[in-house]
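As provided, final_14.cif (mmCIF, C-alpha atoms) reads as follows.
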```cif
data_protein
#
loop_
_atom_site.label_atom_id
_atom_site.label_comp_id
_atom_site.auth_asym_id
_atom_site.auth_seq_id
_atom_site.Cartn_x
_atom_site.Cartn_y
_atom_site.Cartn_z
CA MET V 1 111.42 104.68 116.70
CA SER V 2 113.56 105.72 113.77
CA THR V 3 114.05 104.58 110.19
CA ARG V 4 117.55 103.44 109.30
CA LEU V 5 119.18 104.14 105.92
CA TYR V 6 122.04 101.89 104.81
CA TYR V 7 124.50 102.87 102.08
CA HIS V 8 128.14 102.33 101.20
CA GLN V 9 130.33 103.95 98.57
CA ALA V 10 131.43 100.52 97.33
CA CYS V 11 127.89 99.94 96.08
CA GLN V 12 128.23 103.00 93.89
CA GLU V 13 131.66 101.84 92.65
CA HIS V 14 130.24 98.60 91.23
CA ASP V 15 130.91 99.47 87.58
CA THR V 16 128.70 97.72 85.04
CA GLY V 17 130.10 99.56 82.02
CA ARG V 18 129.14 102.46 79.82
CA GLY V 19 125.49 102.49 78.80
CA HIS V 20 124.41 99.74 81.21
CA PRO V 21 121.03 100.55 82.79
CA GLU V 22 122.06 99.25 86.23
CA CYS V 23 124.57 102.06 86.60
CA PRO V 24 126.27 103.80 89.54
CA GLU V 25 124.23 106.94 88.81
CA ARG V 26 121.18 105.11 90.15
CA LEU V 27 122.50 105.24 93.70
CA GLN V 28 123.76 108.76 93.23
CA ALA V 29 120.24 109.86 92.28
CA VAL V 30 118.71 108.04 95.26
CA MET V 31 121.17 109.48 97.76
CA GLN V 32 120.72 112.99 96.36
CA ALA V 33 116.98 112.65 96.97
CA PHE V 34 117.73 111.90 100.63
CA GLU V 35 119.55 115.23 100.98
CA ASP V 36 116.17 116.95 101.26
CA GLU V 37 115.52 118.26 104.76
CA VAL V 38 112.44 116.04 105.17
CA PHE V 39 114.88 113.13 105.48
CA GLY V 40 116.86 114.75 108.27
CA ASP V 41 115.66 112.21 110.83
CA LEU V 42 116.98 109.20 108.93
CA ILE V 43 119.62 107.27 110.87
CA ARG V 44 122.38 106.87 108.26
CA LEU V 45 124.72 103.90 108.51
CA GLU V 46 127.41 102.33 106.37
CA ALA V 47 126.43 98.94 105.01
CA PRO V 48 128.62 96.27 106.63
CA GLU V 49 130.33 93.57 104.60
CA ILE V 50 128.69 90.19 105.23
CA ASP V 51 130.77 87.14 106.06
CA LEU V 52 130.86 84.79 103.10
CA LYS V 53 129.76 81.83 105.24
CA ALA V 54 126.52 83.66 106.03
CA ILE V 55 125.68 83.76 102.31
CA GLU V 56 125.64 79.96 102.27
CA ASN V 57 122.16 80.04 103.81
CA THR V 58 120.96 80.86 100.26
CA HIS V 59 123.81 80.26 97.78
CA ARG V 60 125.94 77.19 97.20
CA ALA V 61 129.50 77.38 98.51
CA ASP V 62 130.98 76.61 95.09
CA TYR V 63 128.97 79.43 93.53
CA ILE V 64 130.18 81.92 96.14
CA GLU V 65 133.74 80.75 95.53
CA THR V 66 133.31 81.23 91.79
CA ILE V 67 132.06 84.79 92.29
CA MET V 68 134.96 85.69 94.54
CA ASP V 69 137.55 84.00 92.31
CA ASN V 70 136.36 85.90 89.24
CA VAL V 71 136.58 89.43 90.64
CA PRO V 72 138.82 91.26 88.18
CA SER V 73 141.71 93.45 89.25
CA GLU V 74 140.74 95.86 86.48
CA GLY V 75 138.10 96.15 83.80
CA ARG V 76 135.20 93.73 84.11
CA VAL V 77 134.23 90.11 83.61
CA TYR V 78 130.83 88.93 82.38
CA LEU V 79 128.85 86.22 84.16
CA ASP V 80 126.10 86.42 81.55
CA PRO V 81 125.43 88.98 78.79
CA ASP V 82 123.77 91.39 81.27
CA THR V 83 125.64 90.66 84.50
CA SER V 84 129.22 91.72 85.02
CA MET V 85 131.74 92.31 87.78
CA SER V 86 134.31 95.06 88.20
CA PRO V 87 136.95 95.27 90.96
CA LYS V 88 134.42 96.58 93.53
CA SER V 89 131.50 94.34 92.56
CA ALA V 90 131.99 91.53 95.07
CA GLU V 91 132.41 93.99 97.93
CA ALA V 92 129.30 95.84 96.78
CA ALA V 93 127.27 92.60 96.70
CA ARG V 94 128.57 91.59 100.13
CA ARG V 95 127.65 95.01 101.52
CA ALA V 96 124.20 94.84 99.96
CA ALA V 97 123.55 91.54 101.74
CA GLY V 98 125.27 92.82 104.86
CA ALA V 99 123.02 95.87 104.95
CA ALA V 100 119.91 93.70 104.68
CA CYS V 101 121.03 91.41 107.51
CA ASP V 102 122.13 94.28 109.77
CA ALA V 103 118.81 95.99 109.12
CA VAL V 104 116.98 92.81 110.12
CA ASP V 105 118.93 92.67 113.38
CA ALA V 106 118.25 96.35 114.13
CA VAL V 107 114.51 95.97 113.53
CA LEU V 108 114.23 92.74 115.52
CA ASP V 109 116.29 94.18 118.38
CA GLY V 110 114.08 97.27 118.56
CA ALA V 111 116.92 99.62 117.61
CA ALA V 112 114.92 100.79 114.57
CA ARG V 113 111.30 100.68 113.57
CA ASN V 114 112.18 99.87 109.97
CA ALA V 115 115.02 100.29 107.48
CA PHE V 116 115.80 100.97 103.84
CA CYS V 117 118.92 99.60 102.18
CA ALA V 118 120.09 101.90 99.37
CA VAL V 119 122.40 99.34 97.81
CA ARG V 120 123.38 97.74 94.54
CA PRO V 121 123.78 95.39 92.77
CA PRO V 122 120.17 94.25 93.09
CA GLY V 123 119.59 90.67 94.16
CA HIS V 124 116.20 89.13 93.42
CA HIS V 125 117.21 87.33 90.21
CA ALA V 126 120.21 85.55 91.74
CA GLU V 127 119.53 81.84 92.24
CA ALA V 128 121.39 79.39 94.47
CA ALA V 129 124.16 78.83 91.92
CA GLN V 130 123.51 81.35 89.16
CA ALA V 131 124.07 85.07 88.72
CA MET V 132 121.65 86.71 86.33
CA GLY V 133 119.66 89.85 85.64
CA PHE V 134 122.31 92.21 87.07
CA CYS V 135 122.27 90.24 90.37
CA LEU V 136 125.10 88.44 92.21
CA PHE V 137 123.81 87.61 95.73
CA ASN V 138 120.13 87.52 96.66
CA SER V 139 120.17 89.97 99.56
CA VAL V 140 116.52 89.63 100.59
CA ALA V 141 116.63 85.83 100.61
CA ILE V 142 119.85 85.88 102.63
CA ALA V 143 118.29 88.34 105.08
CA ALA V 144 115.09 86.29 105.40
CA ARG V 145 117.02 83.17 106.38
CA HIS V 146 119.25 85.24 108.64
CA ALA V 147 116.13 86.42 110.45
CA ARG V 148 114.98 82.87 111.04
CA ASN V 149 118.06 82.25 113.13
CA ARG V 150 116.63 84.69 115.65
CA PRO V 151 114.50 83.36 118.54
CA GLY V 152 110.79 83.74 117.91
CA ILE V 153 111.15 84.45 114.18
CA ASP V 154 109.64 81.50 112.37
CA ARG V 155 107.84 83.02 109.39
CA VAL V 156 109.34 85.64 107.09
CA ALA V 157 107.64 87.23 104.09
CA VAL V 158 109.14 89.01 101.09
CA VAL V 159 106.94 91.21 98.89
CA ASP V 160 108.46 92.30 95.59
CA PHE V 161 106.96 95.08 93.45
CA ASP V 162 109.85 95.29 90.98
CA VAL V 163 108.55 95.12 87.41
CA HIS V 164 110.52 91.89 86.84
CA HIS V 165 109.66 88.70 88.64
CA GLY V 166 112.17 87.74 91.31
CA ASN V 167 112.87 84.24 90.06
CA GLY V 168 115.79 83.84 92.46
CA THR V 169 113.70 84.60 95.54
CA GLN V 170 110.87 82.32 94.40
CA HIS V 171 113.42 79.60 93.62
CA SER V 172 114.84 79.96 97.12
CA PHE V 173 111.49 80.01 98.95
CA ALA V 174 109.18 77.70 97.01
CA ASN V 175 109.87 74.55 99.04
CA ASP V 176 110.00 76.20 102.48
CA ALA V 177 106.52 76.68 103.92
CA ASN V 178 107.77 79.20 106.49
CA LEU V 179 109.04 81.58 103.84
CA PHE V 180 106.51 83.56 101.78
CA TYR V 181 107.15 85.34 98.49
CA ALA V 182 104.70 87.60 96.67
CA SER V 183 105.55 89.39 93.43
CA SER V 184 103.72 91.82 91.18
CA HIS V 185 105.42 92.02 87.79
CA GLN V 186 104.90 92.52 84.09
CA TRP V 187 104.11 89.45 82.03
CA PRO V 188 105.48 88.70 79.51
CA ALA V 189 108.85 90.13 80.45
CA TYR V 190 112.28 89.06 81.66
CA PRO V 191 112.98 86.51 83.14
CA GLY V 192 109.88 84.67 81.95
CA THR V 193 108.88 83.27 85.36
CA GLY V 194 106.18 84.13 87.88
CA MET V 195 103.04 82.38 86.70
CA ALA V 196 99.87 82.89 88.72
CA GLN V 197 99.59 79.13 89.11
CA ASP V 198 102.95 78.94 90.92
CA THR V 199 101.86 78.64 94.54
CA GLY V 200 104.77 76.92 96.26
CA ILE V 201 104.74 74.05 98.70
CA ASP V 202 101.98 75.46 100.91
CA ASN V 203 100.51 78.49 99.12
CA ASN V 204 103.63 80.37 100.17
CA ILE V 205 104.17 81.78 96.67
CA CYS V 206 101.79 84.47 95.35
CA ASN V 207 102.34 85.87 91.88
CA LEU V 208 100.46 88.81 90.39
CA PRO V 209 101.30 89.00 86.66
CA LEU V 210 100.31 92.31 85.06
CA SER V 211 99.92 92.97 81.35
CA PRO V 212 102.00 95.52 79.42
CA GLY V 213 100.28 98.88 79.67
CA ASP V 214 98.64 98.14 83.02
CA GLY V 215 98.66 101.02 85.46
CA SER V 216 97.31 102.01 88.84
CA ASP V 217 93.92 100.31 88.79
CA PRO V 218 95.00 96.72 88.00
CA PHE V 219 98.04 97.08 90.25
CA ARG V 220 96.07 98.30 93.26
CA LYS V 221 93.18 95.90 92.69
CA GLY V 222 95.63 93.00 92.43
CA TYR V 223 97.16 93.90 95.76
CA GLN V 224 93.82 94.45 97.45
CA ASP V 225 92.25 91.25 96.11
CA LYS V 226 95.21 88.87 96.08
CA VAL V 227 98.59 89.90 97.48
CA LEU V 228 97.58 91.63 100.72
CA PRO V 229 95.08 88.91 101.77
CA ALA V 230 97.68 86.22 101.05
CA LEU V 231 100.26 88.12 103.10
CA ARG V 232 97.85 88.50 106.01
CA ALA V 233 96.96 84.82 105.85
CA PHE V 234 100.65 83.92 106.04
CA ASP V 235 100.94 86.12 109.16
CA PRO V 236 104.69 86.83 109.06
CA ASP V 237 106.94 87.65 111.99
CA LEU V 238 108.94 89.98 109.72
CA LEU V 239 108.26 91.63 106.35
CA ILE V 240 111.03 92.31 103.83
CA ILE V 241 110.33 94.38 100.71
CA SER V 242 112.10 93.99 97.39
CA ALA V 243 111.63 97.61 96.37
CA GLY V 244 112.10 97.91 92.64
CA PHE V 245 110.73 101.03 90.96
CA ASP V 246 110.98 99.98 87.30
CA ALA V 247 107.21 99.55 86.94
CA HIS V 248 107.12 103.36 86.74
CA VAL V 249 105.57 104.76 83.58
CA ARG V 250 108.84 106.53 82.73
CA ASP V 251 111.09 103.49 83.13
CA PRO V 252 112.79 102.41 79.90
CA LEU V 253 113.08 98.65 80.56
CA ALA V 254 109.41 97.66 80.85
CA SER V 255 105.88 98.71 79.95
CA LEU V 256 103.83 99.16 83.09
CA ASN V 257 102.37 102.58 83.86
CA LEU V 258 102.65 103.03 87.61
CA THR V 259 103.28 106.43 89.20
CA THR V 260 105.22 107.51 92.24
CA GLU V 261 101.90 107.68 94.10
CA ASP V 262 101.31 103.97 93.40
CA PHE V 263 104.60 103.07 95.09
CA VAL V 264 103.67 105.21 98.09
CA TRP V 265 100.24 103.55 98.19
CA VAL V 266 101.61 100.00 98.13
CA THR V 267 104.20 100.90 100.78
CA VAL V 268 101.47 102.19 103.10
CA GLU V 269 99.35 99.11 102.50
CA LEU V 270 102.27 96.81 103.30
CA LEU V 271 103.05 98.79 106.44
CA ASN V 272 99.43 98.39 107.54
CA VAL V 273 99.77 94.61 107.24
CA ALA V 274 103.07 94.72 109.12
CA ARG V 275 101.45 96.72 111.89
CA ASP V 276 98.80 94.04 112.33
CA CYS V 277 101.00 90.97 111.85
CA CYS V 278 104.57 91.66 112.92
CA ASP V 279 104.77 94.72 115.19
CA ASP V 280 105.73 97.07 112.31
CA ARG V 281 108.95 95.14 111.62
CA VAL V 282 109.88 95.96 108.02
CA VAL V 283 113.15 95.96 106.07
CA SER V 284 113.20 97.26 102.50
CA CYS V 285 115.97 96.73 99.92
CA LEU V 286 116.43 98.54 96.62
CA GLU V 287 116.08 96.38 93.53
CA GLY V 288 115.45 97.89 90.05
CA GLY V 289 114.49 101.29 88.65
CA TYR V 290 116.29 102.73 85.63
CA ASP V 291 114.88 106.17 84.92
CA LEU V 292 116.96 108.25 87.32
CA ASN V 293 114.35 110.90 88.09
CA ALA V 294 111.53 108.39 88.49
CA LEU V 295 113.76 106.23 90.66
CA ALA V 296 114.71 109.14 92.92
CA GLU V 297 111.11 110.35 93.26
CA SER V 298 109.70 106.88 93.91
CA THR V 299 112.39 105.88 96.39
CA ALA V 300 111.90 109.16 98.25
CA GLY V 301 108.15 108.54 98.47
CA HIS V 302 108.71 104.97 99.62
CA VAL V 303 111.15 105.95 102.37
CA ARG V 304 109.04 108.91 103.45
CA ALA V 305 106.18 106.46 104.00
CA LEU V 306 108.50 104.22 106.06
CA MET V 307 109.36 107.24 108.21
CA THR V 308 105.85 108.60 108.76
CA GLN V 309 103.29 105.80 108.72
#
```
What is this file in structure tokens?
Amino acid sequence: MSTRLYYHQACQEHDTGRGHPECPERLQAVMQAFEDEVFGDLIRLEAPEIDLKAIENTHRADYIETIMDNVPSEGRVYLDPDTSMSPKSAEAARRAAGAACDAVDAVLDGAARNAFCAVRPPGHHAEAAQAMGFCLFNSVAIAARHARNRPGIDRVAVVDFDVHHGNGTQHSFANDANLFYASSHQWPAYPGTGMAQDTGIDNNICNLPLSPGDGSDPFRKGYQDKVLPALRAFDPDLLIISAGFDAHVRDPLASLNLTTEDFVWVTVELLNVARDCCDDRVVSCLEGGYDLNALAESTAGHVRALMTQ
């Protein structure tokens, strides 16, 4: 079966302002990487716009209303010092969540083996009633709960290798024993969450804090010794990946020293677990990554692994 690639121009038109690291050029770099002939077999689809009611499985209705009411007709409005909206931002966030949910349906229906959502804004910092860290709607959390509406899908896992802890996803999952969240991330770093002792209601939270300067060896050992065994023990029916590439050695926003090969390695390891636990059913969504060349290289390696493993 094929790998699906979701994208929409609205996600590139989400304008965060001059000099902002979470910039439209990120998606441009990613999509240019996919122009290589090795990606010719990707099934390319436009990200659909999710119905606002569907977002209520993760976000409070009053929060969603506030987001939609504050979309500017021009310029931008700031929800916090780092998180802003321009005229296309709400559509972009709805399409990011819509891509994740459509990808889940395609994978569960057998129309695709797996999928990658090349979308922005990212989502893993967004909590039930708070935008933060460049994020408006938590696409992976929305998609995980969307999946649980499907017959036979009881347990959904999210694994997040973005350099920043996904506080929003942990916040959403911690008290639901049938949702699993694992995160490798730099500590200390924004947003200051993700302690190793945070284990959720039923060991359904698994955090792997890494120290500034850590590279391949602690990252891979942490996955082999902690994250992958915890994921296997959870035994998900579906795996969703929060694919952030800002732990790369060249990324300007953090201080981990991973390489493109590390992202390929962790992708392959996660696919091996998915093969054993959930019939290869994997959906991946772009999160961070702020050095354009490193982002393009790492995303290309990640998606190539989705296509070939």
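Comparing the minimum interatomic distances between V:Thr16 and each of V:Leu79, V:Ala54, V:Val303, V:Ala233, counting all atoms listed in the file, we find that V:Leu79 sits nearest.
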Closest of V:Asn114, V:Asn57, V:Thr83, V:Thr259 to V:Arg304, counting only C-alpha atoms, is V:Asn114
Measure the distance from atom CA of V:Ala112 to atom CA of V:Leu52 in Å and round it to one decimal.
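Computed distance, atom CA of V:Ala112 to atom CA of V:Leu52, equals 25.3 Å.
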Do you know which residues the PyMOL selection byres ((chain V and resi 266) around 10) returns on this file, as a compact mmCIF listing (two decimals) with C-alpha atoms, keeping the file's coordinate frame?
```txt
# COMPACT_ATOMS: atom_id res chain seq x y z
CA PHE V 161 106.96 95.08 93.45
CA PHE V 219 98.04 97.08 90.25
CA ARG V 220 96.07 98.30 93.26
CA TYR V 223 97.16 93.90 95.76
CA GLN V 224 93.82 94.45 97.45
CA LEU V 228 97.58 91.63 100.72
CA GLU V 261 101.90 107.68 94.10
CA ASP V 262 101.31 103.97 93.40
CA PHE V 263 104.60 103.07 95.09
CA VAL V 264 103.67 105.21 98.09
CA TRP V 265 100.24 103.55 98.19
CA THR V 267 104.20 100.90 100.78
CA VAL V 268 101.47 102.19 103.10
CA GLU V 269 99.35 99.11 102.50
CA LEU V 270 102.27 96.81 103.30
CA LEU V 271 103.05 98.79 106.44
CA ASN V 272 99.43 98.39 107.54
CA HIS V 302 108.71 104.97 99.62
CA ALA V 305 106.18 106.46 104.00
```
If you measure from atom CA of V:Pro236 to atom CA of V:Gly215, what distance in Å do you get, rounded to one decimal?
28.2 Å
Could you tell me how far atom CA of V:Asp176 sits from atom CA of V:Ser284, in Å to one decimal place?
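Straight-line distance from atom CA of V:Ser284 to atom CA of V:Asp176 works out to 21.3 Å.
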So which residues get picked by the PyMOL selection byres ((chain V and resi 116) around 7) here, written as a PyMOL selection string?
chain V and resi 4-6+115+117-118+283-285+303
With the PyMOL selection byres ((chain V and resi 75) around 9) as the selection, what would be picked from this file? Answer as a PyMOL selection string, please.
chain V and resi 15+17+72-74+76-77+85-87
Step by step, gather every atom of stretch 39-56 of chain V that the file lists, find the box along x, y and z that holds them, add 3 Å on each side, and finally give centre and edge lengths in Å to one decimal, as JSON.
```
{"center_x": 122.9, "center_y": 97.4, "center_z": 106.6, "size_x": 22.0, "size_y": 40.8, "size_z": 14.6}
```
So that I can see what lies close to V:Ala90, please list as a PyMOL selection string the residues with an atom at most 7 Å from it, counting all atoms listed in the file and leaving out residues fewer than 2 positions away in the same chain.
chain V and resi 68+71+88+92-94
Since we have the selection now, will you write its residues out, keeping C-alpha atoms, as a PDB file, in the coordinates of the input?
```pdb
ATOM      1  CA  MET V  68     134.960  85.690  94.540  1.00  0.00           C
ATOM      2  CA  VAL V  71     136.580  89.430  90.640  1.00  0.00           C
ATOM      3  CA  LYS V  88     134.420  96.580  93.530  1.00  0.00           C
ATOM      4  CA  ALA V  92     129.300  95.840  96.780  1.00  0.00           C
ATOM      5  CA  ALA V  93     127.270  92.600  96.700  1.00  0.00           C
ATOM      6  CA  ARG V  94     128.570  91.590 100.130  1.00  0.00           C
TER       7      ARG V  94
END
```
Excluding V:Leu256 and any residue of its chain fewer than 4 positions from it, enumerate the residues within 8 Å of it, using only C-alpha atoms, and give them as an mmCIF file with C-alpha atoms, keeping the file's coordinate frame.
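So the final result, stored in part_35.cif, reads:
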```cif
data_model
loop_
_atom_site.group_PDB
_atom_site.id
_atom_site.type_symbol
_atom_site.label_atom_id
_atom_site.label_comp_id
_atom_site.auth_asym_id
_atom_site.auth_seq_id
_atom_site.Cartn_x
_atom_site.Cartn_y
_atom_site.Cartn_z
ATOM 1 C CA VAL V 163 108.550 95.120 87.410
ATOM 2 C CA GLN V 186 104.900 92.520 84.090
ATOM 3 C CA LEU V 210 100.310 92.310 85.060
ATOM 4 C CA SER V 211 99.920 92.970 81.350
ATOM 5 C CA PRO V 212 102.000 95.520 79.420
ATOM 6 C CA GLY V 213 100.280 98.880 79.670
ATOM 7 C CA ASP V 214 98.640 98.140 83.020
ATOM 8 C CA GLY V 215 98.660 101.020 85.460
ATOM 9 C CA ALA V 247 107.210 99.550 86.940
ATOM 10 C CA HIS V 248 107.120 103.360 86.740
ATOM 11 C CA VAL V 249 105.570 104.760 83.580
#
```
Tell me which protein, DNA and RNA residues are within 10 Å of V:Ala294, counting all atoms listed in the file, leaving out same-chain ones fewer than 5 positions away, and put them as an mmCIF file with C-alpha atoms, in the coordinates of the input.
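Result file is around.cif:
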```cif
data_model
loop_
_atom_site.group_PDB
_atom_site.id
_atom_site.type_symbol
_atom_site.label_atom_id
_atom_site.label_comp_id
_atom_site.auth_asym_id
_atom_site.auth_seq_id
_atom_site.Cartn_x
_atom_site.Cartn_y
_atom_site.Cartn_z
ATOM 1 C CA ALA V 29 120.240 109.860 92.280
ATOM 2 C CA VAL V 30 118.710 108.040 95.260
ATOM 3 C CA PHE V 245 110.730 101.030 90.960
ATOM 4 C CA ASP V 246 110.980 99.980 87.300
ATOM 5 C CA ALA V 247 107.210 99.550 86.940
ATOM 6 C CA HIS V 248 107.120 103.360 86.740
ATOM 7 C CA VAL V 249 105.570 104.760 83.580
ATOM 8 C CA ARG V 250 108.840 106.530 82.730
ATOM 9 C CA ASP V 251 111.090 103.490 83.130
ATOM 10 C CA THR V 259 103.280 106.430 89.200
ATOM 11 C CA THR V 260 105.220 107.510 92.240
ATOM 12 C CA GLY V 289 114.490 101.290 88.650
ATOM 13 C CA THR V 299 112.390 105.880 96.390
ATOM 14 C CA ALA V 300 111.900 109.160 98.250
#
```
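The point (127.2, 103.4, 91.3) has these residues within 7 Å of it when only C-alpha atoms are used: V:Cys11, V:Gln12, V:Glu13, V:His14, V:Asp15, V:Cys23, V:Pro24, V:Glu25, V:Arg26, V:Leu27, V:Gln28.
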Export of prior selection with C-alpha atoms as a PDB file, in the frame of the given file:
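Wrote selection-v8.pdb, looks like this:
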```
ATOM      1  CA  CYS V  11     127.890  99.940  96.080  1.00  0.00           C
ATOM      2  CA  GLN V  12     128.230 103.000  93.890  1.00  0.00           C
ATOM      3  CA  GLU V  13     131.660 101.840  92.650  1.00  0.00           C
ATOM      4  CA  HIS V  14     130.240  98.600  91.230  1.00  0.00           C
ATOM      5  CA  ASP V  15     130.910  99.470  87.580  1.00  0.00           C
ATOM      6  CA  CYS V  23     124.570 102.060  86.600  1.00  0.00           C
ATOM      7  CA  PRO V  24     126.270 103.800  89.540  1.00  0.00           C
ATOM      8  CA  GLU V  25     124.230 106.940  88.810  1.00  0.00           C
ATOM      9  CA  ARG V  26     121.180 105.110  90.150  1.00  0.00           C
ATOM     10  CA  LEU V  27     122.500 105.240  93.700  1.00  0.00           C
ATOM     11  CA  GLN V  28     123.760 108.760  93.230  1.00  0.00           C
TER      12      GLN V  28
END
```
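Nearest residue to V:Cys101, choosing from V:Glu127, V:Glu49, V:Glu287, V:Asp82 and counting all atoms listed in the file: V:Glu49.
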